[in-house]
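Read through the structure below, which is laid out as structure tokens, and then see the notes.
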Amino acid sequence: MTHFKHSPYQDWESLALKERRKEAPDEMLHTTLEGIELKPLYTAADLAEIEYHESLPGLAPFLRGPRATMYTGRAWTVRQYAGFSTAKASNEFYRKNIAAGQTGLSIAFDLATHRGYDSDHPRVEGDVGKAGVAIDSVEDMKTLFDQIELDKMSVSMTMNGAVLPVMAMFIVAAEEQGVKPEQLSGTLQNDILKEFMVRNTYIYPPEPSMRIVSDIISYTATNMPKFNPISISGYHMQEAGATCLQELAFTIADGIEYARAARNNGLDIDAFAPRLSFFFAIGMNFFMEIAKLRAARVLWAEYIDKLFKPKNPKSLMLRTHCQTSGVSLTSKDPYNNVVRTTIEAMAAVLGGTQSLHTNSFDEALALPSETSARIARNTQLIIRDETEMTKVVDPLGGSYYIESLTQSLINEARKIIDEVEEMGGMAQAVVSGMPKLKIEESATIRQARIDKNEDVIVGVNKFQSDDEQQLDVRVIDNQQVRVGQLKQIDEIRSTRNASVVNSALKSLSAAAESNSNLLEAAIVAARARATLGEISDALESVYGRHQAQNQSVGGVYGRAFEHNEQFMELQSQICEFEEEHGRRPRILVAKLGQDGHDRGANVIATALADIGFDVDLSPLFQTPEEIVRQALDNDVHIIGISTQAGAHTQLVPEVMTLLKQQSMNDVVVICGGVIPPQDHAALYEAGVSEIFGPGTHIPDAAANLLDHLK
Amino acid sequence: MSTKQELAAKLLEGDRRALSKAITLVESSHAQDRETALALLDSIMPHTGKARRIAISGSPGVGKSTFIEAFGEYLINAGKRVAVLSIDPSSSLTGGSILGDKTRMPMLANNPAAYVRPTPSGSMLGGVARRTREVIALCEAAGYNTILIETVGVGQSETEAANMSDCYLLLLQPGSGDSLQGIKRGIMELADLIIVNKADGVLLSSAQESATQYMRALSLMQERMPGWQCPVVLCSSTEKTGQSETSAQIDAYFSHAQASGAFTQKRLAQKLYWLEDETIADLVDRFKRDKSIQARYAEAVKQLESGRSPARIASEFVSLLLNNSQKS
Ligand code: B12
Ligand SMILES: Nc1nc2c(ncn2[C@@H]2O[C@H](COP(=O)(O)OP(=O)(O)OP(=O)(O)O)[C@@H](O)[C@H]2O)c(=O)[nH]1
Ligand SMILES: [Mg+2]
């Protein structure tokens with residue numbers, strides 16, 4: 001047999017230059033969105049730069065995984081995020097899913113609950129039961145977990161704003177099932193910093209919000225040893241537009257801030273750090289995502305060790321949940337989404353996640369249907385049970401490329417984390433608005449790249465399909481859910497002992513003003529059947545409600561389109577419009593109800609302004625009356641309602657009625673966002689002029705708007 | 001709004017929609033709208049002038065909008081009707097703008113006793129201030145008795161704002177000792193009242209220090225109005241402290257100005273300035289809009305080739321224009 005000699009690197013390089021017809025090696029580099037330069041080939045020589053390539057799984061700094069045997073011992077937890085309509089409907093769904101192979105629960109609450117409002121509050125008319133399950137009291141919580149054994153099933157709850165009432169109700173529901181707090185396992189998201197940045201279900205201002213987080217960490221450290229009191233989340237940052245690097249760095253910086261807050265609350269690092277958990281998004285950049293999870297583990301171990309000097313090695317160990325990226329999924333040609341989710345799920349597994357949610361192919365249309373939810377779940381069951389991917393720990397460890405990419409992310413993330421630390425930590429940075437603005441800038445760059453076809457999305461900006469199939473989507477009758485919830489609230493109010501409730505709520509307000517543990521006080525109130533809204537109000541009366549300060553990105557979109565023909569054509573149309581009407585076209589980009597999805601609205605606002613529109617941006621969480629009032633005061637030509645959380649069926653017709661009452665018939669109303677085709681007819685009937693769905697090309701949309709003004 | 005009489009009548013009734021349309025009308029760059037706008041202004045003039053006009057100035061990010069949200073709420077609780085106008089918001093390369101003011105003043109944006117109207121700076125001829133004066137008049141006619149004008153304290157806009165307001169509030173950041181050097185003396189001299197904003201949390205003590213320094217600096221400056229030493233007030237717009245002190249100082253300022261006659265004098269001077277400014281702006285406007293003038297200007301430009309001095313060409317061209325218009 002011939003034995004080939006080892007060839008020098010230069011031989012490959014000259015071959016490569018010839019194949020690519022390039023002069024210098026530098027011309028073959030590719031720069032990622034993160035700003036990392038990729039070479040076309042990595043070799044053993046690159047390992048010289050790798051700090052930890054000889055490290056082992058289960059041992060610090062956990063580059064190759066938090067556990068020694070990883071999936072060879074036990075696979076990740078299959079944890080599908082779900083919740084809709086009433087507690088009863090969601091409970092039935094959970095039990096079916098458990099029977100079909102799901103191994104952990106993950107509760108999605110509706111937006112009224114997230115924002116601390118009972119279902120009867122006037123500001124949540126369109127939101128009850130729509131984008132998650134409606135919970136008003138312990139009774140709902142008990143129904144939610146009916147016939148689910150809370151001492152056995154681990155329960156994750158995505159709750160951040162109304163954490164106190166929700167956690168309290170969870171503890172009391174378990175208690176009334178006969179399960180003690182120490183038996184409960186699961187995770188509370190409880191990550192308020194990223195709410196101020198990207199997720200927008202905050203209630204109180206940052207300072208008291210941070211105190212609530214620490215109080216919960218303190219409570220679980222003493223009473224709930226199997227429960228993760230926080231899930232430090234990068235997921236929402238990436239979904240809001242962050243690059244993998246931004247997600248990575250800001251999340252670790254968030255984690256550092258929480259650890260600091262808990263320590264300042266008097267806890268020893270080893271009393272809580274082993275129970276801090278993480279949550280990352282896994283998008284389509286396959287290798288980058290794998291490297292990100294590996295880098296996150298190393299960074300966490302390094303920073304915790306440096307800043308807090310724990311004795312327990314578990315304090316250094318980053319454990320994480322992952323979810324495939326929803327924003328990578330499209331409403332056009334939606335079956336492609338199954339493929340995307342599969343690729344992302346594989347990256348999560350190869351990166352070493354501890355639990356996983358896989359998205360449904362109808363993600364960009366509505367909450368998952370029974371069918372789409374099954375296929376989503378099966379995606380990970382197939383990876384787990386049919387591919388043998390689980391048989392070896394960290395199968396990509398030692399790959400020249402993966403190790404190099406991991407190291408690059410570590411190096412770049414350290415710079416950002418150190419910058420944040422210099423600003424005084426993430427709480428300060430968040431108040432300054434810096435991370436939010438950086439993320440919005442990335443979202444705008446991404447939108448421009450898609451609109452210019454520089455980033456390909458199959459079925460959206462390339463290889464579009466003519467065969468438009470309409471999917472059956474889940475429909476939720478929010479009015480019906482609301483009526484049911486109101487009845488339930490009335491019943492509770494009439495059967496409970498009012499004076500016990502009042503004194504529990506008073507003690508809660510008093511706790512907010514002193515420093516006794518807030519969760520303890522909330523549990524007493526929940527047990528007495530105080531409602532979620534009442535508990536939130538008791539705190540709001542002391543802390544007030546937070547009002548976000550919006551800063552906007554400007555010029556990023558326009559610069560990307562410099563010299564673009566369509567763009568210049570639009571600008572000259574706007575000049576003509578101005579000559580004819582004495583001003584530029586003016587649009588109010590509006591957010592209605594408790595829907596906090598603002599990526600679409602912000603991107604549209606900045607892009608339209610760069611095109612030449614005058615854009616008024618409404619605050620978040622407006623009622624139809626408020627939007628009509630703002631449109632009237634600013635005398636806009638167009639109201640552009642950006643709606644993602646399903647409340648459009650209720651709130652958009654209300655806007656139309658109010659406009660008629662004000663004889664503002666000349667105002668053009670358009671909708672954008674997540675609106676399934678099933679809802680279009682009713683919106684057009686109500687007087688909406690145009691509907692722009694996910695994947696909308698913004699210059700095309702701008703042209704369309706101008707047409708409507710003719 | 002079918003006719004301009006109807007518009008004026010509705011405006012005087014305080015109809016929100018009429019006010020909103022009237023503002024659009026006076027801000028319009030359309031030549032035909034101008035005549036209608038002037039007629040409207042004529043008919044409402046007797047009903048203007050009764051509000052307190054307060055300019056809120058300060059560098060970007062100092063907290064002007066947040067201050068207005070907090071102070072506006074205070075005023076409304078005291079029974080006032082507040083109109084908020086903002087000059088010079090951000091404008092992009094292409095002339096479009098994002099007007100995020102309602103996101104920063106969510107309470108005022110939805111309060112029935114308030115009216116918030118941001119004006120895009122876009123391609124307004126003759127500077128935004130030119131129309132802001134007219135918008136102030138419209139708001140007064142519609143029954144708003146306090147007009148807050150937000151203006152970024154840079155360049156021309158600060159003097160313009162001072163020239164259309166009764167009282168000029170300057171917001172400053174708490175800062176270290178040398179922050180004083182950073183502030184242009186010129187701006188401090190315009191101020192009738194200085195607010196050190198963000199006097200809360202970790203910034204509180206440096207805010208107090210800054211206030212002392214500003215006071216010392218002010219004591220060396222000439223009084224802008226005889227007998228009125230510009231006070232310095234500490235304020236937190238987020239914690240909502242300092243609003244009543246601010247209000248008390250403004251009251252004191254107005255009583256002093258009214259008693260001394262300075263108020264009447266200033267209003268008169270501002271009317272004169274308005275006339276002068278508008279005359280020049282309108283001339284420029286007409287010059288730019290008139291096609292035949294533009295054609296003749298193009299002819300004049302050609303004379304550059306002959307090597308004549310631009311100053312001479314301009315002088316001859318303007319003489320020609322003025323003589324022509326005298327004849328016609
Ligand atoms: C990103 C995202 C998030 C991010 C939001 C980050 C942010 N700051 O915006 C995070 C992770 C925080 C999040 C959280 C939640 N989400 Co979410 N999210 C999405 C997701 C994946 C993408 C939305 C998006 O931003 N796309 C990118 C932007 C650029 O696109 P777009 O908004 O569609 O806008 C484009 C067009 O629609 C159009 N357009 C939009 N508006 C306008 C306006 C005008 C004037 C014009 C001309 C055009 C236009 O042009 C834009 C450019 O192309 C969607 C699913 C999907 N793929 O669409 C779910 C989705 C909207 N989320 C959903 C839910 C349920 C939630 C939660 C309520 C879950 C829960 N129970 O806790 C939370 C709560 C969030 C909150 N506060 O409201 C559901 C809503 C269900 C429904 N409608 O029935 C969806 C549909 C997912 C699903 N199928 O379950 N989410
Ligand atoms: N701590 C503190 N922060 C404040 C206060 N007032 C404003 N801010 C913050 O300062 C930032 C800027 O506030 P704005 O009100 O938008 O400032 P502005 O001067 O109107 O800014 P521009 O209109 O962009 O020039 C925001 O993040 C506010 O939350 C205050 O009194 N205390
Ligand atoms: Mg401002």
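Chains: A, B, ... in order of the structure tokens. Residues: from 1 per chain. Ligands: from 1, in order shown.
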Just list the residues in range 126-338 of chain A DSSP gives helix (DSSP H, G or I) on the backbone, as a JSON list (two decimals) with C-alpha atoms, in the first residue's frame.
[["chain", "number", "residue", "atom", "x", "y", "z"],
["A", 138, "VAL", "CA", -54.37, 29.51, 42.61],
["A", 139, "GLU", "CA", -57.50, 27.78, 41.33],
["A", 140, "ASP", "CA", -56.31, 28.19, 37.74],
["A", 141, "MET", "CA", -52.86, 26.99, 38.73],
["A", 142, "LYS", "CA", -54.34, 23.86, 40.33],
["A", 143, "THR", "CA", -56.33, 23.13, 37.19],
["A", 144, "LEU", "CA", -53.19, 23.60, 35.10],
["A", 163, "VAL", "CA", -42.85, 36.13, 38.99],
["A", 164, "LEU", "CA", -43.98, 36.62, 42.56],
["A", 165, "PRO", "CA", -47.68, 35.76, 42.18],
["A", 166, "VAL", "CA", -46.97, 32.98, 39.67],
["A", 167, "MET", "CA", -44.27, 31.29, 41.74],
["A", 168, "ALA", "CA", -46.38, 31.71, 44.86],
["A", 169, "MET", "CA", -49.40, 30.16, 43.17],
["A", 170, "PHE", "CA", -47.27, 27.31, 41.87],
["A", 171, "ILE", "CA", -45.99, 26.57, 45.37],
["A", 172, "VAL", "CA", -49.50, 26.74, 46.84],
["A", 173, "ALA", "CA", -51.00, 24.57, 44.07],
["A", 174, "ALA", "CA", -48.33, 21.94, 44.82],
["A", 175, "GLU", "CA", -48.94, 22.27, 48.54],
["A", 176, "GLU", "CA", -52.64, 21.59, 48.01],
["A", 177, "GLN", "CA", -51.65, 18.56, 45.91],
["A", 181, "PRO", "CA", -41.60, 22.97, 48.14],
["A", 182, "GLU", "CA", -38.44, 20.92, 48.61],
["A", 183, "GLN", "CA", -39.86, 18.23, 46.33],
["A", 193, "LEU", "CA", -32.67, 42.21, 32.75],
["A", 194, "LYS", "CA", -33.40, 40.78, 29.34],
["A", 195, "GLU", "CA", -37.02, 41.88, 29.69],
["A", 196, "PHE", "CA", -35.86, 45.50, 29.70],
["A", 197, "MET", "CA", -33.66, 44.75, 26.71],
["A", 198, "VAL", "CA", -35.79, 42.63, 24.43],
["A", 199, "ARG", "CA", -38.72, 40.71, 25.84],
["A", 206, "PRO", "CA", -35.21, 47.88, 37.17],
["A", 207, "GLU", "CA", -34.13, 48.37, 40.78],
["A", 208, "PRO", "CA", -37.08, 46.76, 42.60],
["A", 209, "SER", "CA", -37.22, 44.16, 39.83],
["A", 210, "MET", "CA", -33.67, 43.09, 40.63],
["A", 211, "ARG", "CA", -34.62, 42.82, 44.27],
["A", 212, "ILE", "CA", -37.48, 40.48, 43.39],
["A", 213, "VAL", "CA", -35.04, 38.25, 41.51],
["A", 214, "SER", "CA", -32.69, 38.09, 44.49],
["A", 215, "ASP", "CA", -35.53, 37.40, 46.93],
["A", 216, "ILE", "CA", -36.63, 34.44, 44.84],
["A", 217, "ILE", "CA", -33.08, 33.12, 44.64],
["A", 218, "SER", "CA", -32.81, 33.42, 48.42],
["A", 219, "TYR", "CA", -36.11, 31.65, 48.97],
["A", 220, "THR", "CA", -35.30, 28.68, 46.73],
["A", 221, "ALA", "CA", -31.78, 28.40, 48.12],
["A", 222, "THR", "CA", -33.27, 27.59, 51.53],
["A", 223, "ASN", "CA", -36.56, 25.93, 50.61],
["A", 235, "TYR", "CA", -32.68, 33.24, 23.63],
["A", 236, "HIS", "CA", -34.81, 36.35, 23.41],
["A", 237, "MET", "CA", -31.85, 38.49, 22.49],
["A", 238, "GLN", "CA", -31.09, 36.43, 19.41],
["A", 239, "GLU", "CA", -34.78, 36.36, 18.52],
["A", 240, "ALA", "CA", -34.85, 40.13, 18.82],
["A", 244, "CYS", "CA", -24.58, 34.93, 18.41],
["A", 245, "LEU", "CA", -21.72, 36.89, 19.91],
["A", 246, "GLN", "CA", -23.97, 39.57, 21.39],
["A", 247, "GLU", "CA", -26.28, 36.91, 22.75],
["A", 248, "LEU", "CA", -23.37, 35.07, 24.31],
["A", 249, "ALA", "CA", -21.67, 38.06, 25.88],
["A", 250, "PHE", "CA", -24.76, 39.85, 27.20],
["A", 251, "THR", "CA", -26.11, 36.61, 28.68],
["A", 252, "ILE", "CA", -22.94, 35.83, 30.58],
["A", 253, "ALA", "CA", -22.83, 39.45, 31.73],
["A", 254, "ASP", "CA", -26.44, 39.11, 32.92],
["A", 255, "GLY", "CA", -25.49, 35.97, 34.83],
["A", 256, "ILE", "CA", -22.63, 37.77, 36.54],
["A", 257, "GLU", "CA", -25.03, 40.53, 37.59],
["A", 258, "TYR", "CA", -27.51, 38.08, 39.12],
["A", 259, "ALA", "CA", -24.77, 36.26, 40.98],
["A", 260, "ARG", "CA", -23.58, 39.59, 42.33],
["A", 261, "ALA", "CA", -27.10, 40.58, 43.38],
["A", 262, "ALA", "CA", -27.64, 37.29, 45.22],
["A", 263, "ARG", "CA", -24.29, 37.57, 46.95],
["A", 264, "ASN", "CA", -25.08, 41.14, 47.97],
["A", 269, "ILE", "CA", -21.98, 31.74, 46.05],
["A", 270, "ASP", "CA", -22.09, 27.97, 46.53],
["A", 271, "ALA", "CA", -25.55, 28.20, 48.05],
["A", 272, "PHE", "CA", -27.09, 29.31, 44.77],
["A", 273, "ALA", "CA", -24.69, 29.20, 41.81],
["A", 274, "PRO", "CA", -25.15, 25.47, 41.14],
["A", 275, "ARG", "CA", -28.85, 26.20, 40.57],
["A", 286, "PHE", "CA", -24.86, 25.63, 12.52],
["A", 287, "PHE", "CA", -21.23, 25.65, 13.61],
["A", 288, "MET", "CA", -21.46, 29.08, 15.22],
["A", 289, "GLU", "CA", -24.27, 27.84, 17.46],
["A", 290, "ILE", "CA", -22.35, 24.75, 18.51],
["A", 291, "ALA", "CA", -19.30, 26.86, 19.28],
["A", 292, "LYS", "CA", -21.48, 29.34, 21.19],
["A", 293, "LEU", "CA", -22.68, 26.74, 23.69],
["A", 294, "ARG", "CA", -19.13, 25.49, 24.23],
["A", 295, "ALA", "CA", -17.80, 29.04, 24.64],
["A", 296, "ALA", "CA", -20.59, 29.91, 27.08],
["A", 297, "ARG", "CA", -19.56, 27.11, 29.43],
["A", 298, "VAL", "CA", -15.93, 28.21, 29.45],
["A", 299, "LEU", "CA", -16.75, 31.89, 29.95],
["A", 300, "TRP", "CA", -19.12, 31.17, 32.82],
["A", 301, "ALA", "CA", -16.59, 28.99, 34.62],
["A", 302, "GLU", "CA", -13.88, 31.59, 34.16],
["A", 303, "TYR", "CA", -15.85, 34.62, 35.30],
["A", 304, "ILE", "CA", -17.53, 32.93, 38.26],
["A", 305, "ASP", "CA", -14.23, 31.59, 39.44],
["A", 306, "LYS", "CA", -12.49, 34.93, 39.05],
["A", 307, "LEU", "CA", -15.22, 37.09, 40.61],
["A", 308, "PHE", "CA", -16.69, 34.83, 43.30],
["A", 313, "PRO", "CA", -17.03, 23.02, 41.29],
["A", 314, "LYS", "CA", -20.73, 22.82, 40.44],
["A", 315, "SER", "CA", -20.92, 26.57, 40.91],
["A", 316, "LEU", "CA", -18.78, 26.91, 37.77],
["A", 336, "ASN", "CA", -39.39, 24.13, 4.91],
["A", 337, "ASN", "CA", -39.46, 24.99, 8.60],
["A", 338, "VAL", "CA", -39.29, 21.32, 9.55]]
Closest atom pairs, chain A residues within 6 Å of ligand 1, only C-alpha atoms and all ligand atoms, as a Markdown table:
| residue | atom | partner | partner_atom_place_in_ligand_line | distance |
| --- | --- | --- | --- | --- |
| A:Ala108 | CA | ligand 1 | 71 (N) | 4.2 |
| A:Phe109 | CA | ligand 1 | 71 (N) | 4.6 |
| A:Asp110 | CA | ligand 1 | 71 (N) | 5.1 |
| A:Leu111 | CA | ligand 1 | 68 (C) | 5.9 |
| A:Ala131 | CA | ligand 1 | 65 (C) | 4.1 |
| A:Gly132 | CA | ligand 1 | 71 (N) | 4.3 |
| A:Val198 | CA | ligand 1 | 8 (N) | 4.3 |
| A:Arg199 | CA | ligand 1 | 12 (C) | 4.0 |
| A:Asn200 | CA | ligand 1 | 77 (N) | 4.6 |
| A:Thr201 | CA | ligand 1 | 77 (N) | 4.9 |
| A:His236 | CA | ligand 1 | 11 (C) | 3.9 |
| A:Glu239 | CA | ligand 1 | 1 (C) | 4.4 |
| A:Ala240 | CA | ligand 1 | 6 (C) | 3.9 |
| A:Gly326 | CA | ligand 1 | 21 (C) | 3.6 |
| A:Val327 | CA | ligand 1 | 21 (C) | 3.8 |
| A:Leu329 | CA | ligand 1 | 57 (N) | 5.0 |
| A:Thr330 | CA | ligand 1 | 57 (N) | 5.7 |
| A:Glu363 | CA | ligand 1 | 89 (N) | 3.5 |
| A:Ala364 | CA | ligand 1 | 56 (C) | 3.6 |
| A:Leu365 | CA | ligand 1 | 86 (C) | 5.7 |
| A:Ala366 | CA | ligand 1 | 84 (O) | 4.0 |
| A:Leu367 | CA | ligand 1 | 90 (O) | 3.9 |
| A:Pro368 | CA | ligand 1 | 89 (N) | 5.8 |
| A:Val589 | CA | ligand 1 | 45 (C) | 5.6 |
| A:Asp595 | CA | ligand 1 | 78 (O) | 3.9 |
| A:Gly596 | CA | ligand 1 | 78 (O) | 3.4 |
| A:His597 | CA | ligand 1 | 9 (O) | 3.4 |
| A:Asp598 | CA | ligand 1 | 9 (O) | 3.9 |
| A:Arg599 | CA | ligand 1 | 9 (O) | 3.7 |
| A:Gly600 | CA | ligand 1 | 32 (O) | 3.6 |
| A:Ala601 | CA | ligand 1 | 41 (N) | 5.2 |
| A:Ile604 | CA | ligand 1 | 44 (C) | 5.9 |
| A:Gly640 | CA | ligand 1 | 45 (C) | 3.7 |
| A:Ile641 | CA | ligand 1 | 43 (C) | 5.5 |
| A:Ser642 | CA | ligand 1 | 41 (N) | 3.8 |
| A:Gln644 | CA | ligand 1 | 61 (C) | 4.4 |
| A:Ala645 | CA | ligand 1 | 83 (N) | 3.8 |
| A:Gly646 | CA | ligand 1 | 83 (N) | 3.8 |
| A:Cys671 | CA | ligand 1 | 43 (C) | 5.9 |
| A:Gly672 | CA | ligand 1 | 42 (C) | 3.5 |
| A:Gly673 | CA | ligand 1 | 37 (O) | 3.2 |
| A:Val674 | CA | ligand 1 | 83 (N) | 5.6 |
| A:Phe692 | CA | ligand 1 | 38 (C) | 5.0 |
| A:Gly693 | CA | ligand 1 | 37 (O) | 4.0 |
| A:Pro694 | CA | ligand 1 | 33 (O) | 3.6 |
| A:Gly695 | CA | ligand 1 | 53 (O) | 4.4 |
| A:Thr696 | CA | ligand 1 | 53 (O) | 3.7 |
| A:His697 | CA | ligand 1 | 53 (O) | 5.5 |
| A:Ala701 | CA | ligand 1 | 47 (C) | 5.6 |
Saved selection, atoms kept: C-alpha atoms, as an mmCIF file, in the first residue's frame:
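Final output, saved to result-v9.cif:
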data_model
loop_
_atom_site.group_PDB
_atom_site.id
_atom_site.type_symbol
_atom_site.label_atom_id
_atom_site.label_comp_id
_atom_site.auth_asym_id
_atom_site.auth_seq_id
_atom_site.Cartn_x
_atom_site.Cartn_y
_atom_site.Cartn_z
ATOM 1 C CA ALA A 108 -46.356 29.596 28.378
ATOM 2 C CA PHE A 109 -48.507 32.195 30.108
ATOM 3 C CA ASP A 110 -50.701 34.695 28.315
ATOM 4 C CA LEU A 111 -49.652 38.317 28.098
ATOM 5 C CA ALA A 131 -50.559 33.818 23.336
ATOM 6 C CA GLY A 132 -50.411 31.545 26.378
ATOM 7 C CA VAL A 198 -35.787 42.626 24.430
ATOM 8 C CA ARG A 199 -38.720 40.708 25.841
ATOM 9 C CA ASN A 200 -40.769 43.540 27.266
ATOM 10 C CA THR A 201 -42.830 41.806 29.933
ATOM 11 C CA HIS A 236 -34.806 36.350 23.410
ATOM 12 C CA GLU A 239 -34.778 36.362 18.522
ATOM 13 C CA ALA A 240 -34.847 40.128 18.816
ATOM 14 C CA GLY A 326 -38.516 31.004 15.805
ATOM 15 C CA VAL A 327 -37.375 33.951 13.791
ATOM 16 C CA LEU A 329 -39.000 30.170 10.440
ATOM 17 C CA THR A 330 -41.223 31.557 7.730
ATOM 18 C CA GLU A 363 -44.460 29.133 14.018
ATOM 19 C CA ALA A 364 -44.881 32.239 11.865
ATOM 20 C CA LEU A 365 -48.663 31.836 11.676
ATOM 21 C CA ALA A 366 -50.084 31.011 15.084
ATOM 22 C CA LEU A 367 -49.559 28.923 18.207
ATOM 23 C CA PRO A 368 -48.722 25.305 17.302
ATOM 24 C CA VAL A 589 -46.303 52.640 13.738
ATOM 25 C CA ASP A 595 -48.000 42.412 22.821
ATOM 26 C CA GLY A 596 -44.362 43.264 23.480
ATOM 27 C CA HIS A 597 -42.894 42.036 20.181
ATOM 28 C CA ASP A 598 -41.179 45.194 19.004
ATOM 29 C CA ARG A 599 -38.558 43.909 16.577
ATOM 30 C CA GLY A 600 -40.877 44.208 13.578
ATOM 31 C CA ALA A 601 -42.171 47.646 14.577
ATOM 32 C CA ILE A 604 -40.141 49.045 10.016
ATOM 33 C CA GLY A 640 -49.454 50.852 10.622
ATOM 34 C CA ILE A 641 -50.401 48.347 13.296
ATOM 35 C CA SER A 642 -47.646 45.855 13.990
ATOM 36 C CA GLN A 644 -47.557 39.549 16.575
ATOM 37 C CA ALA A 645 -49.394 38.108 19.543
ATOM 38 C CA GLY A 646 -52.808 37.432 18.078
ATOM 39 C CA CYS A 671 -51.474 45.736 9.519
ATOM 40 C CA GLY A 672 -48.186 43.896 9.655
ATOM 41 C CA GLY A 673 -46.887 40.932 11.593
ATOM 42 C CA VAL A 674 -48.146 37.465 12.423
ATOM 43 C CA PHE A 692 -48.019 42.595 5.442
ATOM 44 C CA GLY A 693 -46.891 39.228 6.748
ATOM 45 C CA PRO A 694 -43.571 37.857 7.963
ATOM 46 C CA GLY A 695 -40.925 38.079 5.286
ATOM 47 C CA THR A 696 -42.207 41.411 3.971
ATOM 48 C CA HIS A 697 -39.656 43.190 1.784
ATOM 49 C CA ALA A 701 -44.082 47.603 1.373
#
Identify all chain B residues at most 9 Å from chain A by counting only C-alpha atoms; ligands do not count. Present them as a count of residues only.
-> 43
Pull the closest atom pair for each residue of chain A that gets at most 7 Å from ligand 2, along with the distance in Å to one decimal, counting only C-alpha atoms and all ligand atoms, ordering rows by chain and then ascending residue number, as JSON lines.
{"residue": "A:Val431", "atom": "CA", "partner": "ligand 2", "partner_atom_place_in_ligand_line": "27 (O)", "distance": 6.7}
{"residue": "A:Ser432", "atom": "CA", "partner": "ligand 2", "partner_atom_place_in_ligand_line": "27 (O)", "distance": 6.0}
{"residue": "A:Gly433", "atom": "CA", "partner": "ligand 2", "partner_atom_place_in_ligand_line": "27 (O)", "distance": 6.9}
{"residue": "A:Gln549", "atom": "CA", "partner": "ligand 2", "partner_atom_place_in_ligand_line": "27 (O)", "distance": 5.8}
Mind writing the picked residues with N, CA, C and O atoms as a CSV table (one decimal), in the first residue's frame?
chain,number,residue,atom,x,y,z
A,431,VAL,N,-29.9,50.0,31.9
A,431,VAL,CA,-30.5,51.3,32.1
A,431,VAL,C,-30.0,52.3,31.1
A,431,VAL,O,-30.8,53.1,30.6
A,432,SER,N,-28.8,52.2,30.7
A,432,SER,CA,-28.2,53.1,29.7
A,432,SER,C,-28.8,52.8,28.3
A,432,SER,O,-28.8,53.7,27.4
A,433,GLY,N,-29.4,51.7,28.1
A,433,GLY,CA,-30.0,51.4,26.8
A,433,GLY,C,-29.0,50.8,25.8
A,433,GLY,O,-29.4,50.5,24.7
A,549,GLN,N,-38.0,53.6,27.9
A,549,GLN,CA,-37.5,54.7,27.1
A,549,GLN,C,-37.0,54.2,25.8
A,549,GLN,O,-36.0,53.4,25.8
Mind giving me the straight-line distance from CA of Arg374 in chain A to CA of Ile107 in chain A in Å, one decimal?
->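 Interatomic distance, CA of Arg374 in chain A to CA of Ile107 in chain A: 16.9 Å.
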Counting only C-alpha atoms and all ligand atoms, what residues are within 9 Å of ligand 3, given as a ChimeraX atom specification?
-> /B:60-66,68,86,89,100-101,104,150-152
Expressed in Å, the length from CA of Gln678 in chain A to CA of Ala87 in chain A is 25.3 Å
